[in-house]
Amino acid sequence: MKESMEVGILGATGMVGSEYVRMLANHPWFKIKYVVGKKTAGKKFRESNEWISSYEPPKSVAEMTVLESKPEDQKADMFFSCLPTDAARELEPLYARYYPTYSDASAYRMEQDIPLIIPEINPDSWELIKKQKSRGWAGFLTTGPNCTSIGLNLTLKPLDDEFKIKKLVVATMQAVSGAGFPGVPSISILDNVIPYIKDEEEKVAVETNKLLGRYANGKVEFANIDVAAMCNRVPTIDGHMETVYLETEKKITPEDAKAALRSFKGLPQELKLPTAPEFPVIVREEPDRPQTRLDRFAGTVPGMSAVVGRVRKGIDDHSIRYSLMSHNTVRGAAGNTILTAEMFYKEGWMFDKR
Ligand SMILES: NC(=O)c1ccc[n+]([C@@H]2O[C@H](COP(=O)([O-])OP(=O)(O)OC[C@H]3O[C@@H](n4cnc5c(N)ncnc54)[C@H](OP(=O)(O)O)[C@@H]3O)[C@@H](O)[C@H]2O)c1
């Protein structure tokens, strides 16, 4: 196993890309070699962020020149891709031809031979990449879910394992950074709530069933959970709040649900990966938590945990309700994907075992 890996970031100058740069600045294994963009190509990275970032990029990256995508010339050990969907559809296969490529975009999430991974939930689906050899790729492509699905499914997994979820109703209040930069015009979102995010409700339903499905015989057998998602854009900057109602096959109480959420851990915690939070789900008892501003950076690795509160009875002994919040560009994108790459690296899935 190489001691450190040189990485490129496709879409480095965007909302998610700048989170990669922040999170990889002092990473013990991964070192940034390329920052790739489109409109900002040719500028220094430090000149490429039009919005007011709350952090200074590390010097080594600040002085890098943003490059146009050139997969055959950009030699690195792996790439992270946070490209918009159309660009991802075109460029990710070109990078996967040569390199391990880890994506946040939705373009290939539902392909049968492409993993959709939350490392604590379904690490075994990594094996799908073995099937990608038939695409003629020397590298591979793996994807992370939508920002709303990630926080939600971290809370659903332990409840599904113990109580078997049948139906899920979820209403979301999603931050503006979820729409990228410049995203929703300020005049449209300030003093406003918009009850529509294109394709989001469909993504939450189908991704939940892929994530909570079972990997067997070389494919993912989807779960069979009825999902009704209602997605809203609200004027917060970072952090998606979600209110959940769910029905289970087995009887469920709020106390049992909280115990399952609190004890949930996965392979990243077992492997002690650098970006793994000690607790993927944090449960709070106060009646008015979680809150976006207070909880988006909660946990031992800030922003990598979903924070749950108001766990209470549903309409009968087979249902519960709760609120959750998770950071959309950290756990909901860059952080989840970095954690996935750490798991591949540590487990030898990136090169040796595939
Ligand atoms: N924002 C979130 O919370 C979130 C969460 C989960 C997943 N995602 C997904 O992650 C992806 C990125 O989202 P974002 O919010 O970071 O978007 P964004 O702020 O609009 O950033 C897009 C980035 O892609 C670059 N880019 C666009 N076209 C390109 C091309 N043809 N070649 C090379 N670079 C190109 C842009 O570079 P220039 O500025 O130089 O043009 C910019 O760096 C999307 O697929 C989104 O659905 C986002």
# chains A, B, ... in the order shown; residues from 1 in each chain; ligands from 1
call {"tool": "residues_around", "arguments": {"residues": "Lys167 (chain A)", "least_positions_apart": "4", "cutoff": "7 Å", "atoms": "only C-alpha atoms", "output": "list in words"}}
result
Ile225, Asp226, Val227, Leu246 and Glu247 of chain A
call {"tool": "write_last_selection", "arguments": {"atoms": "N, CA and C atoms", "output": "PDB file, in the first residue's frame"}}
result
ATOM      1  N   ILE A 225     -39.156  -0.080   0.766  1.00  0.00           N
ATOM      2  CA  ILE A 225     -39.745   0.881   1.713  1.00  0.00           C
ATOM      3  C   ILE A 225     -40.536   1.924   0.922  1.00  0.00           C
ATOM      4  N   ASP A 226     -41.780   2.159   1.338  1.00  0.00           N
ATOM      5  CA  ASP A 226     -42.572   3.228   0.703  1.00  0.00           C
ATOM      6  C   ASP A 226     -42.084   4.560   1.251  1.00  0.00           C
ATOM      7  N   VAL A 227     -41.673   5.452   0.352  1.00  0.00           N
ATOM      8  CA  VAL A 227     -41.107   6.733   0.795  1.00  0.00           C
ATOM      9  C   VAL A 227     -41.922   7.887   0.212  1.00  0.00           C
ATOM     10  N   LEU A 246     -41.963   7.483  10.621  1.00  0.00           N
ATOM     11  CA  LEU A 246     -41.818   6.177   9.973  1.00  0.00           C
ATOM     12  C   LEU A 246     -42.594   5.078  10.678  1.00  0.00           C
ATOM     13  N   GLU A 247     -42.966   4.084   9.880  1.00  0.00           N
ATOM     14  CA  GLU A 247     -43.715   2.920  10.383  1.00  0.00           C
ATOM     15  C   GLU A 247     -42.848   1.677  10.239  1.00  0.00           C
TER      16      GLU A 247
END
call {"tool": "residues_around", "arguments": {"residues": "Lys157 (chain A)", "least_positions_apart": "5", "cutoff": "10 Å", "atoms": "only C-alpha atoms", "output": "number ranges by chain"}}
result
A: 120-122, 152, 162-165, 208, 211-212, 260-261, 264
call {"tool": "atom_distance", "arguments": {"atom1": "CA of Asp104 (chain A)", "atom2": "CA of Leu190 (chain A)"}}
result
27.1 Å
call {"tool": "atom_distance", "arguments": {"atom1": "CA of Arg354 (chain A)", "atom2": "CA of Leu267 (chain A)"}}
result
18.5 Å
call {"tool": "residues_around", "arguments": {"residues": "Ala88 (chain A)", "least_positions_apart": "3", "cutoff": "12 Å", "atoms": "only C-alpha atoms", "output": "MDAnalysis selection string"}}
result
chainID A and resid 10:11 37 69 80:85 91:96 101:109 141 143
call {"tool": "select_by_dssp", "arguments": {"residues": "region 40-279 of chain A", "states": "strand (DSSP E or B)", "output": "PyMOL selection string"}}
result
chain A and resi 44+65+67+78-81+100-103+116+140-143+165-174+194+214-216+219-221+226-233+240-248
call {"tool": "residues_around", "arguments": {"residues": "Ile118 (chain A)", "least_positions_apart": "6", "cutoff": "12 Å", "atoms": "only C-alpha atoms", "output": "PyMOL selection string"}}
result
chain A and resi 104+124-126+142-147+149-155+157+207-208+210-212+266-268+276+280+304+331-341+343
call {"tool": "write_last_selection", "arguments": {"atoms": "C-alpha atoms", "output": "PDB file, in the first residue's frame"}}
result
ATOM      1  CA  ASP A 104     -20.801  13.215  -5.407  1.00  0.00           C
ATOM      2  CA  ASP A 124     -19.988  -4.462   0.979  1.00  0.00           C
ATOM      3  CA  SER A 125     -21.401  -2.939  -2.216  1.00  0.00           C
ATOM      4  CA  TRP A 126     -17.817  -1.862  -3.074  1.00  0.00           C
ATOM      5  CA  THR A 142     -18.105   4.930  -7.129  1.00  0.00           C
ATOM      6  CA  THR A 143     -20.726   7.443  -5.985  1.00  0.00           C
ATOM      7  CA  GLY A 144     -22.101   9.031  -2.838  1.00  0.00           C
ATOM      8  CA  PRO A 145     -25.818   9.776  -2.371  1.00  0.00           C
ATOM      9  CA  ASN A 146     -27.668  13.056  -2.451  1.00  0.00           C
ATOM     10  CA  CYS A 147     -27.045  15.378   0.527  1.00  0.00           C
ATOM     11  CA  SER A 149     -30.363  11.027   1.602  1.00  0.00           C
ATOM     12  CA  ILE A 150     -27.056  10.779   3.487  1.00  0.00           C
ATOM     13  CA  GLY A 151     -28.098  12.277   6.850  1.00  0.00           C
ATOM     14  CA  LEU A 152     -31.494  10.606   6.601  1.00  0.00           C
ATOM     15  CA  ASN A 153     -30.127   7.137   5.867  1.00  0.00           C
ATOM     16  CA  LEU A 154     -27.550   7.298   8.670  1.00  0.00           C
ATOM     17  CA  THR A 155     -30.575   7.461  10.993  1.00  0.00           C
ATOM     18  CA  LYS A 157     -30.092   2.153   8.917  1.00  0.00           C
ATOM     19  CA  GLU A 207     -31.533   6.179  -3.122  1.00  0.00           C
ATOM     20  CA  THR A 208     -32.971   5.108   0.247  1.00  0.00           C
ATOM     21  CA  LYS A 210     -30.663   1.271  -2.921  1.00  0.00           C
ATOM     22  CA  LEU A 211     -28.760   2.131   0.283  1.00  0.00           C
ATOM     23  CA  LEU A 212     -30.895  -0.044   2.544  1.00  0.00           C
ATOM     24  CA  GLY A 266     -19.900   0.870  11.165  1.00  0.00           C
ATOM     25  CA  LEU A 267     -16.707  -0.181   9.418  1.00  0.00           C
ATOM     26  CA  PRO A 268     -15.201   3.368   9.413  1.00  0.00           C
ATOM     27  CA  ALA A 276     -14.809   8.785  10.795  1.00  0.00           C
ATOM     28  CA  PRO A 280     -22.320   8.661  13.138  1.00  0.00           C
ATOM     29  CA  MET A 304     -19.701  14.249   9.928  1.00  0.00           C
ATOM     30  CA  ARG A 331     -21.323  14.590   5.573  1.00  0.00           C
ATOM     31  CA  GLY A 332     -23.738  15.225   2.686  1.00  0.00           C
ATOM     32  CA  ALA A 333     -20.965  15.361   0.065  1.00  0.00           C
ATOM     33  CA  ALA A 334     -17.179  15.823   0.469  1.00  0.00           C
ATOM     34  CA  GLY A 335     -16.876  14.209   3.915  1.00  0.00           C
ATOM     35  CA  ASN A 336     -18.878  11.111   2.990  1.00  0.00           C
ATOM     36  CA  THR A 337     -16.818  10.643  -0.160  1.00  0.00           C
ATOM     37  CA  ILE A 338     -13.466  11.189   1.551  1.00  0.00           C
ATOM     38  CA  LEU A 339     -14.544   8.615   4.151  1.00  0.00           C
ATOM     39  CA  THR A 340     -15.419   6.205   1.323  1.00  0.00           C
ATOM     40  CA  ALA A 341     -11.987   6.687  -0.261  1.00  0.00           C
ATOM     41  CA  MET A 343     -12.181   2.894   3.529  1.00  0.00           C
TER      42      MET A 343
END
call {"tool": "select_by_dssp", "arguments": {"residues": "region 78-272 of chain A", "states": "helix (DSSP H, G or I)", "output": "JSON, numbers by chain"}}
result
{"A": [85, 86, 87, 88, 89, 90, 91, 92, 93, 94, 95, 96, 123, 124, 125, 126, 127, 128, 129, 130, 131, 132, 133, 134, 135, 147, 148, 149, 150, 151, 152, 153, 154, 155, 156, 157, 158, 159, 160, 161, 162, 163, 176, 177, 178, 179, 186, 187, 188, 189, 200, 201, 202, 203, 204, 205, 206, 207, 208, 209, 210, 211, 254, 255, 256, 257, 258, 259, 260, 261, 262, 263, 267, 268, 269, 270, 271]}
call {"tool": "atom_distance", "arguments": {"atom1": "CA of Pro274 (chain A)", "atom2": "atom 35 (C, counted along the ligand's line) of ligand 1"}}
result
27.9 Å
call {"tool": "residues_around", "arguments": {"residues": "Arg284 (chain A)", "least_positions_apart": "3", "cutoff": "7 Å", "atoms": "only C-alpha atoms", "output": "PDB file with all heavy atoms, in the first residue's frame"}}
result
ATOM      1  N   ARG A 289     -33.837  20.737  20.059  1.00  0.00           N
ATOM      2  CA  ARG A 289     -32.679  20.376  19.236  1.00  0.00           C
ATOM      3  C   ARG A 289     -33.081  19.200  18.362  1.00  0.00           C
ATOM      4  O   ARG A 289     -33.955  18.445  18.746  1.00  0.00           O
ATOM      5  CB  ARG A 289     -31.474  20.007  20.111  1.00  0.00           C
ATOM      6  CG  ARG A 289     -31.048  21.146  20.990  1.00  0.00           C
ATOM      7  CD  ARG A 289     -30.376  22.304  20.249  1.00  0.00           C
ATOM      8  NE  ARG A 289     -28.984  22.052  19.941  1.00  0.00           N
ATOM      9  CZ  ARG A 289     -27.973  22.331  20.757  1.00  0.00           C
ATOM     10  NH1 ARG A 289     -28.202  22.869  21.941  1.00  0.00           N
ATOM     11  NH2 ARG A 289     -26.726  22.084  20.387  1.00  0.00           N
ATOM     12  N   VAL A 308     -29.821  13.979  15.848  1.00  0.00           N
ATOM     13  CA  VAL A 308     -31.247  13.632  15.951  1.00  0.00           C
ATOM     14  C   VAL A 308     -31.809  14.172  17.261  1.00  0.00           C
ATOM     15  O   VAL A 308     -31.114  14.205  18.279  1.00  0.00           O
ATOM     16  CB  VAL A 308     -31.403  12.091  15.905  1.00  0.00           C
ATOM     17  CG1 VAL A 308     -32.801  11.656  16.322  1.00  0.00           C
ATOM     18  CG2 VAL A 308     -31.085  11.556  14.520  1.00  0.00           C
ATOM     19  N   GLY A 309     -33.056  14.576  17.233  1.00  0.00           N
ATOM     20  CA  GLY A 309     -33.737  14.989  18.467  1.00  0.00           C
ATOM     21  C   GLY A 309     -35.240  14.807  18.317  1.00  0.00           C
ATOM     22  O   GLY A 309     -35.723  14.395  17.258  1.00  0.00           O
TER      23      GLY A 309
END
call {"tool": "closest_residue", "arguments": {"among": "A:Met110, A:Ala179, A:Ala298, A:Val61", "to": "ligand 1", "atoms": "only C-alpha atoms and all ligand atoms"}}
result
A:Ala179
call {"tool": "residues_around", "arguments": {"residues": "Gly136 (chain A)", "least_positions_apart": "3", "cutoff": "10 Å", "atoms": "only C-alpha atoms", "output": "list of chain:residue names"}}
result
A:Ala96, A:Arg97, A:Tyr98, A:Gln132, A:Lys133, A:Gly139, A:Phe140
call {"tool": "write_last_selection", "arguments": {"atoms": "C-alpha atoms", "output": "compact mmCIF listing (two decimals), in the first residue's frame"}}
result
# COMPACT_ATOMS: atom_id res chain seq x y z
CA ALA A 96 -12.56 6.19 -14.46
CA ARG A 97 -10.87 4.79 -17.56
CA TYR A 98 -7.55 5.51 -15.85
CA GLN A 132 -16.74 -2.29 -14.18
CA LYS A 133 -13.83 -4.08 -15.85
CA GLY A 139 -9.86 2.63 -12.76
CA PHE A 140 -13.40 2.61 -11.39
call {"tool": "closest_residue", "arguments": {"among": "A:Ala175, A:Leu116, A:Val170, A:Val301", "to": "ligand 1", "atoms": "only C-alpha atoms and all ligand atoms"}}
result
A:Ala175
call {"tool": "residues_around", "arguments": {"residues": "Ala12 (chain A)", "least_positions_apart": "2", "cutoff": "10 Å", "atoms": "only C-alpha atoms", "output": "list of chain:residue names"}}
result
A:Gly8, A:Ile9, A:Leu10, A:Gly14, A:Met15, A:Val16, A:Gly17, A:Ser18, A:Glu19, A:Tyr20, A:Val21, A:Tyr34, A:Val35, A:Val36, A:Gly37, A:Lys38, A:Phe45, A:Ser48, A:Asn49, A:Val66, A:Leu67, A:Phe80, A:Ser81, A:Cys82, A:Leu83
call {"tool": "closest_residue", "arguments": {"among": "A:Phe79, A:Tyr215, A:Phe181, A:Tyr322", "to": "ligand 1", "atoms": "only C-alpha atoms and all ligand atoms"}}
result
A:Phe181
call {"tool": "closest_residue", "arguments": {"among": "A:Gly239, A:Gly213, A:Pro158, A:Pro115", "to": "Ala259 (chain A)", "atoms": "only C-alpha atoms"}}
result
A:Pro158
call {"tool": "closest_residue", "arguments": {"among": "A:Val244, A:Val307, A:Val176, A:Ala205", "to": "Asn232 (chain A)", "atoms": "only C-alpha atoms"}}
result
A:Val176
